[in-house]
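Trainee: Let me begin by handing over the structure; questions about it come next.
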Amino acid sequence: MNIPMFTLLVGIPLVSSPVVYLFGRLTTRAQVLTRQGWIVRLLALLAVVATWFPFINLWLEFQARGRRMFFNIESIWLQLDGISFLLAAMVLTLGTLAILFSGRYMAGDFGEEKYYAMLLAMIGLMIGLGCANDLFNLWVWFEAMAVSSYLLVAFYREQPGSLEAGMKYVVQSAVGSALALLGIALVLAQTGTLDMDQIRLMVGTMDLNKAGLLAAGALFFIGFGVKVAMVPLHTWLPDAHSQAPSGISAMLSGVVIEAGLVAMLRALSTLTGFALSWGWLLLAFGALNMLYGNLLALQQSQVKRMLAFSSLSHIGYILMGLGIALVSGQPAGAQGAAFHLFTHMLMKGLAFLAVGAVMYALFHEQGIHRPLVAHDLNGISTRYPWVALSLSIALLALGGLPPLAGFMSKWQIFVAGFQSGNGWLMGFVVFAAVNSVISLAYYAPLVNRMYRRVTATSVKKGSASISWTMQLPLLLMALAVVVIGLFPSLMNWLTEPAGAALMSIFR
Amino acid sequence: MTLFNVLIVTVACLLGVGLYGLLITRNLIKIVVVLQLLVKSVVLAFVVAGKVSGHPGIGESVAATIIVADTIVAVVALALAVQVRIRFGTLDIPKISSLRG
């Protein structure tokens with residue numbers, strides 16, 4: 001039987017999801033294979049590693065052809081362009097490392113099999129989301145991804161905080177996706193098609209009702225904007241990201257909100273002729289996100305909550321990069337935004353996983369469920385040197401300290417803004433640079449705590465060791481953050497096609 | 001008023017009721033009901049949009065898919081509401097908010 005590579009790329013995670021669940025039921029509930037939880041973990045890891053194979057194959061084909069490719073699963077046509085590859089690469093990188101990390105972190109938790117099943121489903125759905133070439137198809141992937149993430153946020157259902165966060169997330173996302181759908185209905189009413197290329201063609205050539213198209217664009221902004229956590233629509237994010245299991249916090253912050261952004265950009269790009277308006281809007285939301293995220297992060301005492309607010313400000317930099325690209329018409333800003341998407345995935349994923357490792361050692365092993373506050377980190381470098389090192393690298397990179405990856409990607413966005421020669425864009429860049437400095441005010445004290453304070457009593461009491469399967473993903477990501485920082489051109493293979501694809505859909 | 005106008009007005013009314021309901025509702029189960037109202041207005045909007053554009057097939061097939069997808073969301077939301085009722089002993093939203101900042 002000859003299965004096309006593309007079907008494998010989306011299919012392996014989606015098909016393995018129920019398989020993993022069934023094996024989990026056999027090992028944990030039905031008592032057929034008692035105490036064999038490792039089978040589930042290994043299967044999940046194998047599934048996500050196997051997905052790399054079609055990804056690499058398709059990438060080589062993409063390189064050889066040099067333009068976007070179309071595929072079909074039955075009658076559904078999907079496309080693969082630079083943006084699809086960027087999202088797929090991010091999802092697979094973080095997905096693989098998060099599953100490896102979760103092996104010990106989630107071991108023995110009630111419903112472990114559901115965790116892996118939903119996580120694998122989410123990975124497959126996000127890869128599919130990046131490939132949609134039809135507005136409604138895009139929405140279906142988006143909604144399915146959202147449903148799997150609702151369940152993961154509320155995974156610790158015996159804890160009131162998780163339930164509350166999950167409920168907030170469900171209600172806000174559901175309203176958002178209903179509004180996005182209304183936007184799609186408006187586009188359908190005017191053009192009579194849902195295929196993005198055809199819509200682009202019709203909007204560009206035919207004399208359609210401008211007000212209707214603008215209303216559709218506004219609905220896309222608000223609807224998908226809930227998932228992207230653009231500032232007035234962000235209220236679910238800090239709760240959901242801080243209450244989810246750490247592997248999921250990393251996925252949510254590193255790829256799920258970015259997948260929402262991809263959905264928003266794809267939907268907005270169909271309404272050609274308004275690119276300039278979308279550009280200014282993105283810049284305004286970006287500036288708002290940065291300032292608000294930073295100011296709120298400064299006030300937080302819980303570490304995961306602080307990281308969640310820092311995600312808001314980093315989404316701000318990405319929106320600004322996109323805005324610069326749309327306003328100036330130069331691909332440099334889009335490429336910078338694509339680069340920052342990737343580095344943010346690495347840095348924020350690493351930060352959440354490292355914090356998760358500390359929580360695991362200090363609390364979970366003792367059966368305690370409480371949030372990690374800043375002073376729990378005091379002096380952990382003596383007990384957990386590698387975790388402290390990787391968390392420090394992540395925090396400093398998030399703060400934009402050269403020569404780490406976070407600095408390089410921000411720098412690329414800033415340079416794009418200055419090269420455009422537009423005074424307003426330069427003003428936005430200066431504002432972003434100031435915000436980058438403000439953000440160090442909450443990242444740097446944590447590094448100071450880990451290395452220079454007297455060891456906290458919680459660290460002395462909870463002397464559980466952190467296994468290598470948890471430390472390996474941390475060290476790999478820390479290494480990647482340093483190496484990408486030193487040689488940023490290493491990522492050009494991924495960011496250049498993504499930037500070019502973004503510019504080509506927003507012609 | 002033609003049938004078409006009636007449909008447009010119904011979409012707008014359902015949407016208005018849904019959004020207003022979200023603002024004033026404090027019971028989790030009722031919020032799920034209000035969400036359903038909101039999505040039903042969108043379903044109707046798709047049927048109308050398909051009709052207006054001369055491709056009724058697209059609108060109707062999309063509407064059917066939305067009903068399925070939306071039911072899944074409603075099931076998840078209700079399952080969470082059940083858990084909330086078990087852990088908090090109430091479905092009243094102001095009484096279950098503890099996460100701040």
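Residue numbering restarts at 1 for every chain of the structure tokens, chains are lettered A, B, ... in their displayed order, and ligands are numbered from 1 as they appear.
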Select all residues from chain A having any atom no more than 7 Å from an atom of chain B (counting only C-alpha atoms, ignoring ligands), output as number ranges by chain.
Mentor: A: 147, 160-161, 163-164, 167, 170, 175, 178, 181-182, 185-186, 188-192, 239
Trainee: As a PyMOL selection string, please: the residues near range 275-287 of chain A (cut-off 8 Å, only C-alpha atoms, same-chain neighbours under 4 positions excluded).
Mentor: chain A and resi 230-231+268-269+291+313+315-320+322-327+428+431-432+506-507
Trainee: Can you tell me which residues surround Thr51 in chain A at a distance of at most 9 Å, considering only C-alpha atoms, apart from same-chain residues fewer than 5 positions away, and format the answer as a PyMOL selection string?
Mentor: chain A and resi 8-13+46+56+92
Trainee: Calculate how many Å separate CA of Arg370 in chain A from CA of Val459 in chain A, rounding to one decimal.
Mentor: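 Taking CA of Arg370 in chain A as the start and CA of Val459 in chain A as the end point, the length is 14.3 Å.
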Trainee: Using Å and a single decimal, report how far CA of Ser148 in chain A sits from CA of Gly124 in chain A.
Mentor: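 Computing it gives 10.8 Å between the two atoms.
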Trainee: Select from range 8-60 of chain A everything DSSP, run on the backbone, classes as helix (DSSP H, G or I), then give the selection as a ChimeraX atom specification.
Mentor: /A:8-29,38-60
Trainee: For CA of Cys13 in chain B and CA of Leu37 in chain B, quote the distance in Å rounded to one decimal.
Mentor: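 Result for CA of Cys13 in chain B versus CA of Leu37 in chain B: 10.1 Å, one decimal.
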Trainee: Residues within 9 Å of Met5 in chain A, please, as a ChimeraX atom specification. Count only C-alpha atoms; anything in the same chain fewer than 4 positions from it doesn't count.
Mentor: /A:9,53-55,57-58
